[in-house]
Every structure is written in C-alpha cells, then in structure tokens.
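Enquirer: Structure file structure38.csv (CSV, C-alpha atoms and all ligand atoms) is given on the next line.
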chain,number,residue,atom,x,y,z
A,30,MET,CA,0.0,0.0,0.0
A,31,ASN,CA,1.4,3.4,-1.0
A,32,LEU,CA,0.3,5.5,1.9
A,33,GLU,CA,2.4,8.4,0.6
A,34,SER,CA,-0.2,9.1,-2.1
A,35,LEU,CA,-2.9,9.5,0.6
A,36,LYS,CA,-1.2,12.5,2.3
A,37,GLN,CA,-2.4,15.2,-0.2
A,38,PRO,CA,-6.1,14.1,-0.1
A,39,VAL,CA,-5.9,14.0,3.7
A,40,TYR,CA,-4.4,17.4,3.8
A,41,ASN,CA,-7.2,18.7,1.4
A,42,ILE,CA,-9.9,17.3,3.7
A,43,ILE,CA,-8.3,18.9,6.8
A,44,ALA,CA,-7.8,22.2,5.1
A,45,ASP,CA,-11.5,22.5,4.0
A,46,TYR,CA,-12.4,25.4,6.2
A,47,ASN,CA,-16.0,25.5,5.0
A,48,LYS,CA,-16.7,22.4,7.1
A,49,SER,CA,-16.7,22.1,10.9
A,50,VAL,CA,-13.7,20.4,12.6
A,51,GLU,CA,-15.9,17.5,13.6
A,52,ASP,CA,-17.1,17.0,10.0
A,53,ARG,CA,-13.5,17.1,8.7
A,54,LEU,CA,-12.4,14.5,11.3
A,55,THR,CA,-15.3,12.2,10.2
A,56,ALA,CA,-14.3,12.8,6.6
A,57,VAL,CA,-10.7,11.8,7.4
A,58,CYS,CA,-11.9,8.6,9.1
A,59,GLU,CA,-14.1,7.7,6.2
A,60,PHE,CA,-11.4,8.5,3.6
A,61,LEU,CA,-8.8,6.3,5.5
A,62,LYS,CA,-11.2,3.4,6.0
A,63,SER,CA,-12.2,3.4,2.3
A,64,SER,CA,-8.7,3.9,0.9
A,65,VAL,CA,-6.7,1.2,2.9
A,66,ASP,CA,-8.2,-2.2,2.7
A,67,TYR,CA,-6.8,-3.3,6.1
A,68,TYR,CA,-8.2,-0.2,7.9
A,69,ASN,CA,-11.6,-1.6,8.9
A,70,TRP,CA,-12.4,0.8,11.7
A,71,VAL,CA,-10.9,4.3,12.1
A,72,GLY,CA,-11.6,6.7,14.9
A,73,PHE,CA,-10.3,9.6,17.0
A,74,TYR,CA,-10.4,9.6,20.8
A,75,PHE,CA,-9.7,12.7,22.8
A,76,ARG,CA,-9.1,13.4,26.4
A,77,ASN,CA,-12.5,14.0,28.1
A,78,GLY,CA,-12.0,17.5,29.6
A,79,ASP,CA,-9.9,17.2,32.8
A,80,LYS,CA,-11.0,13.6,33.4
A,81,GLU,CA,-8.5,10.7,33.2
A,82,GLU,CA,-10.4,9.1,30.4
A,83,LEU,CA,-10.7,9.2,26.6
A,84,LYS,CA,-13.9,10.0,24.7
A,85,LEU,CA,-14.7,8.8,21.2
A,86,SER,CA,-15.0,11.7,18.8
A,87,SER,CA,-15.3,11.0,15.0
A,88,PHE,CA,-15.2,7.5,13.6
A,89,ALA,CA,-15.9,5.4,10.5
A,90,GLY,CA,-17.0,1.8,10.7
A,91,GLU,CA,-19.3,-0.1,13.1
A,92,PRO,CA,-20.5,1.8,16.1
A,93,THR,CA,-18.8,0.8,19.3
A,94,ASP,CA,-20.0,0.6,22.9
A,95,HIS,CA,-16.5,1.8,24.0
A,96,THR,CA,-17.1,5.5,23.7
A,97,ILE,CA,-15.4,6.2,27.0
A,98,ILE,CA,-12.1,4.5,27.9
A,99,PRO,CA,-10.4,5.2,31.3
A,100,PHE,CA,-6.6,6.0,31.1
A,101,GLY,CA,-4.6,2.8,31.4
A,102,LYS,CA,-7.4,0.5,30.1
A,103,GLY,CA,-7.1,-1.3,26.8
A,104,ILE,CA,-4.7,-0.3,24.0
A,105,CYS,CA,-6.1,3.2,23.8
A,106,GLY,CA,-5.9,3.8,27.5
A,107,GLN,CA,-2.3,2.6,27.6
A,108,VAL,CA,-1.4,5.0,24.8
A,109,ALA,CA,-3.0,7.9,26.8
A,110,VAL,CA,-0.5,7.2,29.5
A,111,SER,CA,2.6,6.1,27.5
A,112,ASN,CA,2.5,8.8,24.8
A,113,LYS,CA,3.9,6.2,22.4
A,114,ASN,CA,2.6,4.4,19.3
A,115,PHE,CA,1.2,1.0,20.1
A,116,VAL,CA,1.1,-1.6,17.3
A,117,VAL,CA,-0.7,-4.8,18.1
A,118,PRO,CA,-0.1,-7.4,15.4
A,119,ASP,CA,-2.5,-9.9,17.1
A,120,VAL,CA,-5.0,-8.7,19.7
A,121,LYS,CA,-5.4,-12.3,21.1
A,122,ALA,CA,-1.9,-11.9,22.5
A,123,GLN,CA,-2.8,-8.8,24.6
A,124,ASP,CA,-4.1,-9.0,28.2
A,125,ASN,CA,-5.0,-5.4,28.5
A,126,TYR,CA,-7.2,-5.1,25.5
A,127,ILE,CA,-10.9,-4.0,25.0
A,128,ALA,CA,-12.6,-6.0,22.3
A,129,CYS,CA,-15.0,-4.0,20.1
A,130,SER,CA,-15.8,-6.7,17.6
A,131,ILE,CA,-14.9,-10.4,17.1
A,132,ASN,CA,-13.7,-9.6,13.6
A,133,VAL,CA,-10.9,-7.4,14.8
A,134,LYS,CA,-7.5,-9.2,14.7
A,135,SER,CA,-5.0,-6.3,15.0
A,136,GLU,CA,-4.9,-2.7,16.1
A,137,ILE,CA,-2.7,0.4,15.8
A,138,VAL,CA,-3.0,3.5,18.1
A,139,VAL,CA,-0.9,6.6,17.5
A,140,PRO,CA,-1.1,9.5,20.0
A,141,LEU,CA,-2.0,13.0,18.9
A,142,PHE,CA,0.0,15.9,20.3
A,143,LEU,CA,-1.0,19.5,20.6
A,144,LYS,CA,1.8,21.8,21.7
A,145,GLY,CA,3.7,18.7,23.0
A,146,GLU,CA,0.8,17.4,25.0
A,147,ASN,CA,-0.9,14.1,24.3
A,148,ILE,CA,-4.5,15.1,23.9
A,149,GLY,CA,-5.9,12.2,22.0
A,150,GLN,CA,-5.2,9.5,19.4
A,151,ILE,CA,-6.1,7.9,16.2
A,152,ASP,CA,-7.2,4.3,16.6
A,153,ILE,CA,-7.4,1.8,13.7
A,154,ASP,CA,-8.7,-1.8,13.9
A,155,SER,CA,-8.0,-4.3,11.2
A,156,HIS,CA,-9.6,-7.7,10.3
A,157,ALA,CA,-6.1,-8.8,9.1
A,158,VAL,CA,-3.4,-10.3,11.3
A,159,ASP,CA,-0.2,-8.2,11.5
A,160,PRO,CA,-0.9,-5.7,8.6
A,161,PHE,CA,0.7,-2.6,10.1
A,162,SER,CA,4.3,-1.5,9.4
A,163,GLU,CA,6.4,1.5,10.2
A,164,GLU,CA,5.0,3.1,7.1
A,165,ASP,CA,1.6,3.1,8.8
A,166,GLU,CA,3.1,4.6,11.9
A,167,ARG,CA,4.8,7.4,10.0
A,168,PHE,CA,1.7,8.1,7.9
A,169,LEU,CA,-0.6,8.2,11.0
A,170,GLU,CA,1.8,10.5,12.7
A,171,PHE,CA,1.5,12.8,9.7
A,172,VAL,CA,-2.3,12.6,9.9
A,173,ASN,CA,-2.3,13.5,13.6
A,174,GLU,CA,0.1,16.4,13.0
A,175,LYS,CA,-2.2,17.9,10.4
A,176,VAL,CA,-5.3,17.3,12.6
A,177,ALA,CA,-3.5,19.1,15.5
A,178,GLU,CA,-3.2,22.2,13.2
A,179,ILE,CA,-7.0,22.7,13.2
A,180,LEU,CA,-7.7,22.0,16.9
B,201,LIG,N1,-9.6,-2.0,21.2
B,201,LIG,C1,-9.5,-0.7,21.9
B,201,LIG,C2,-10.8,-0.2,22.2
B,201,LIG,C3,-11.4,0.7,21.2
B,201,LIG,S1,-12.0,-0.1,19.9
B,201,LIG,O1,-10.9,-0.7,19.1
B,201,LIG,C4,-12.8,0.9,18.9
B,201,LIG,C5,-8.6,-0.9,23.1
B,201,LIG,O2,-8.2,-1.9,23.5
B,201,LIG,O3,-8.3,0.2,23.7
How does this structure look as structure tokens?
Ligand code: SME

Expert:
Amino acid sequence: MNLESLKQPVYNIIADYNKSVEDRLTAVCEFLKSSVDYYNWVGFYFRNGDKEELKLSSFAGEPTDHTIIPFGKGICGQVAVSNKNFVVPDVKAQDNYIACSINVKSEIVVPLFLKGENIGQIDIDSHAVDPFSEEDERFLEFVNEKVAEIL
C-alpha cells in the first residue's frame, strides 16, 4: 500500500475550512477506511476534559460501545499514559485489550500531540493479522500532526 499518495487528499480534507472540525475529522476517518483495505475501523479519541479518560469523537465503521475509555485500560488507555505508538499485530496476545468486535485481529494506536501534550489519538482496527508496518506509523503521525493544526 502506498500511503504516501494519501497524504495530499488527507491534507485537502483537513484544510477544507468550509466544514466544521468535527465533519472534517469524520471525513478523514471515512477516507482512510475506504482507501486502505486493512483499515476496517478508524476513529479519533480525545481526552474528556480534565478527566483521566478518553472520549470517542469521530469515527468510520461499526458503532462501538466503548465511547469512554479510562486511562490505562485497553490499548487506547495505555497510549494515553505512555505517549507512544502502540502496534498490536495480534489482539489475542494482549491481556489489557478492550474487544470491540470479534472480527478485529489487530490494532494500531498513535497519540495526537498539541503543543507537545498528548490530547488524543487515532485508533485503527483491522480484520487482518499483522498488517501494520512502520509506514503506517509514520503516515498516521502525519495525519495527527495535520489534525492538530485545526484543533
Ligand atoms: N480496542 C481498543 C478499544 C477501542 S475499539 O478498538 C474501537 C482498546 O483496547 O483500547
């Protein structure tokens, strides 16, 4: 997958100042989900005010019950604390994991920084085992940097 070719369209979506930030984030999720065959659920979680928890913002894919995730819980909650990318090639091998769907085999979570502070993350679930590479990490870091510019 040539993720490099997706950067410009992502940038164009984010720079569409006629739309609300929320609509642009949803459009980014939908674009990523439809462009990469192993991106089966794409969402943004953000810190919920001053609480030690994440709240689901925009997403594309099946609705999830896990709209609030306490810091430290699941892959997402661990990234809220670690400030580091978390690539999970096989979710079955994780103890601290929150299952959203039986179809999900792998997951990648990349923190989103605003002025150096971890304020949220992009979370991608895949139905494939071990599909994510460093290219995905670098690409999703780019997406988050661009999103941070409109927050
Ligand atoms: N699997 C995540 C929960 C969020 S869903 O993937 C949408 C986790 O373990 O944090």

Enquirer: Skipping near chain neighbours, those fewer than 4 positions away, what residues fall within 10 Å of Val172 in chain A using only C-alpha atoms, listed as a ChimeraX atom specification?

Expert: /A:35-36,39-40,43,57,139,141,151,166-168,176-177

Enquirer: When distances are computed from all atoms listed in the file, which of A:Phe142, A:Phe115, A:Phe171, A:Phe60 shows the smallest separation from ligand LIG 201 (chain B)?

Expert: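 So, comparing all the options, the nearest one is A:Phe115.
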
Enquirer: Nearest to Leu85 in chain A among A:Asn125, A:Asn41, A:Gln150, A:Asn114, with distances taken over only C-alpha atoms: which residue is it?

Expert: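 Looking only at the distances to Leu85 in chain A, the closest residue turns out to be A:Gln150.
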
Enquirer: Provide the CA of Gln123 in chain A to CA of Leu61 in chain A distance in Å, to one decimal place.

Expert: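 If I compute the distance from CA of Gln123 in chain A to CA of Leu61 in chain A, I get 25.1 Å.
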
Enquirer: Residues at most 10 Å from ligand LIG 201 (chain B), using only C-alpha atoms and all ligand atoms? Could they come as an MDAnalysis selection string?

Expert: chainID A and resid 70:74 83 85 88 90:109 117 120 123:130 133:138 152:155

Enquirer: Using the partial input, fill out range 111-133 of chain A with N, CA, C and O atoms; write the result as a short mmCIF file (atom, residue, chain, number, x, y, z; two decimals), keeping the file's coordinate frame.

Expert:
data_model
loop_
_atom_site.label_atom_id
_atom_site.label_comp_id
_atom_site.auth_asym_id
_atom_site.auth_seq_id
_atom_site.Cartn_x
_atom_site.Cartn_y
_atom_site.Cartn_z
N SER A 111 1.25 6.31 28.01
CA SER A 111 2.60 6.10 27.50
C SER A 111 3.13 7.15 26.59
O SER A 111 4.34 7.33 26.43
N ASN A 112 2.21 7.83 25.89
CA ASN A 112 2.50 8.80 24.80
C ASN A 112 3.28 8.19 23.65
O ASN A 112 3.94 8.90 22.89
N LYS A 113 3.16 6.89 23.52
CA LYS A 113 3.90 6.20 22.40
C LYS A 113 2.95 5.43 21.53
O LYS A 113 1.90 4.95 21.98
N ASN A 114 3.35 5.28 20.26
CA ASN A 114 2.60 4.40 19.30
C ASN A 114 2.49 3.03 19.92
O ASN A 114 3.42 2.55 20.56
N PHE A 115 1.36 2.39 19.65
CA PHE A 115 1.20 1.00 20.10
C PHE A 115 0.64 0.21 18.90
O PHE A 115 -0.48 0.43 18.44
N VAL A 116 1.48 -0.69 18.41
CA VAL A 116 1.10 -1.60 17.30
C VAL A 116 0.83 -2.95 17.88
O VAL A 116 1.70 -3.51 18.54
N VAL A 117 -0.36 -3.47 17.64
CA VAL A 117 -0.70 -4.80 18.10
C VAL A 117 -0.97 -5.71 16.95
O VAL A 117 -2.02 -5.66 16.31
N PRO A 118 0.01 -6.57 16.62
CA PRO A 118 -0.10 -7.40 15.40
C PRO A 118 -1.25 -8.46 15.59
O PRO A 118 -1.89 -8.84 14.61
N ASP A 119 -1.46 -8.91 16.86
CA ASP A 119 -2.50 -9.90 17.10
C ASP A 119 -3.13 -9.62 18.46
O ASP A 119 -2.50 -9.77 19.52
N VAL A 120 -4.37 -9.18 18.43
CA VAL A 120 -5.00 -8.70 19.70
C VAL A 120 -5.18 -9.87 20.68
O VAL A 120 -5.27 -9.62 21.88
N LYS A 121 -5.20 -11.11 20.19
CA LYS A 121 -5.40 -12.30 21.10
C LYS A 121 -4.20 -12.38 22.08
O LYS A 121 -4.32 -12.97 23.15
N ALA A 122 -3.06 -11.82 21.69
CA ALA A 122 -1.90 -11.90 22.50
C ALA A 122 -1.82 -10.82 23.61
O ALA A 122 -0.88 -10.78 24.41
N GLN A 123 -2.83 -9.94 23.64
CA GLN A 123 -2.80 -8.80 24.60
C GLN A 123 -3.77 -9.10 25.78
O GLN A 123 -4.92 -9.48 25.58
N ASP A 124 -3.28 -8.90 26.99
CA ASP A 124 -4.10 -9.00 28.20
C ASP A 124 -4.98 -7.80 28.38
O ASP A 124 -6.17 -7.87 28.63
N ASN A 125 -4.32 -6.65 28.29
CA ASN A 125 -5.00 -5.40 28.50
C ASN A 125 -5.55 -4.86 27.21
O ASN A 125 -4.98 -3.97 26.59
N TYR A 126 -6.65 -5.46 26.78
CA TYR A 126 -7.20 -5.10 25.50
C TYR A 126 -8.75 -5.10 25.63
O TYR A 126 -9.33 -5.93 26.32
N ILE A 127 -9.40 -4.11 24.99
CA ILE A 127 -10.90 -4.00 25.00
C ILE A 127 -11.39 -4.41 23.66
O ILE A 127 -11.13 -3.73 22.66
N ALA A 128 -12.09 -5.53 23.61
CA ALA A 128 -12.60 -6.00 22.30
C ALA A 128 -13.83 -5.24 21.90
O ALA A 128 -14.75 -5.04 22.69
N CYS A 129 -13.82 -4.76 20.65
CA CYS A 129 -15.00 -4.00 20.10
C CYS A 129 -15.78 -4.95 19.19
O CYS A 129 -16.97 -4.79 19.04
N SER A 130 -15.10 -5.87 18.52
CA SER A 130 -15.80 -6.70 17.60
C SER A 130 -14.98 -8.03 17.43
O SER A 130 -13.74 -8.00 17.49
N ILE A 131 -15.67 -9.15 17.25
CA ILE A 131 -14.90 -10.40 17.10
C ILE A 131 -14.14 -10.49 15.84
O ILE A 131 -13.26 -11.33 15.71
N ASN A 132 -14.45 -9.60 14.89
CA ASN A 132 -13.70 -9.60 13.60
C ASN A 132 -12.35 -8.96 13.69
O ASN A 132 -11.54 -9.12 12.78
N VAL A 133 -12.12 -8.18 14.74
CA VAL A 133 -10.90 -7.40 14.80
C VAL A 133 -9.71 -8.36 15.23
O VAL A 133 -9.78 -9.06 16.23
#
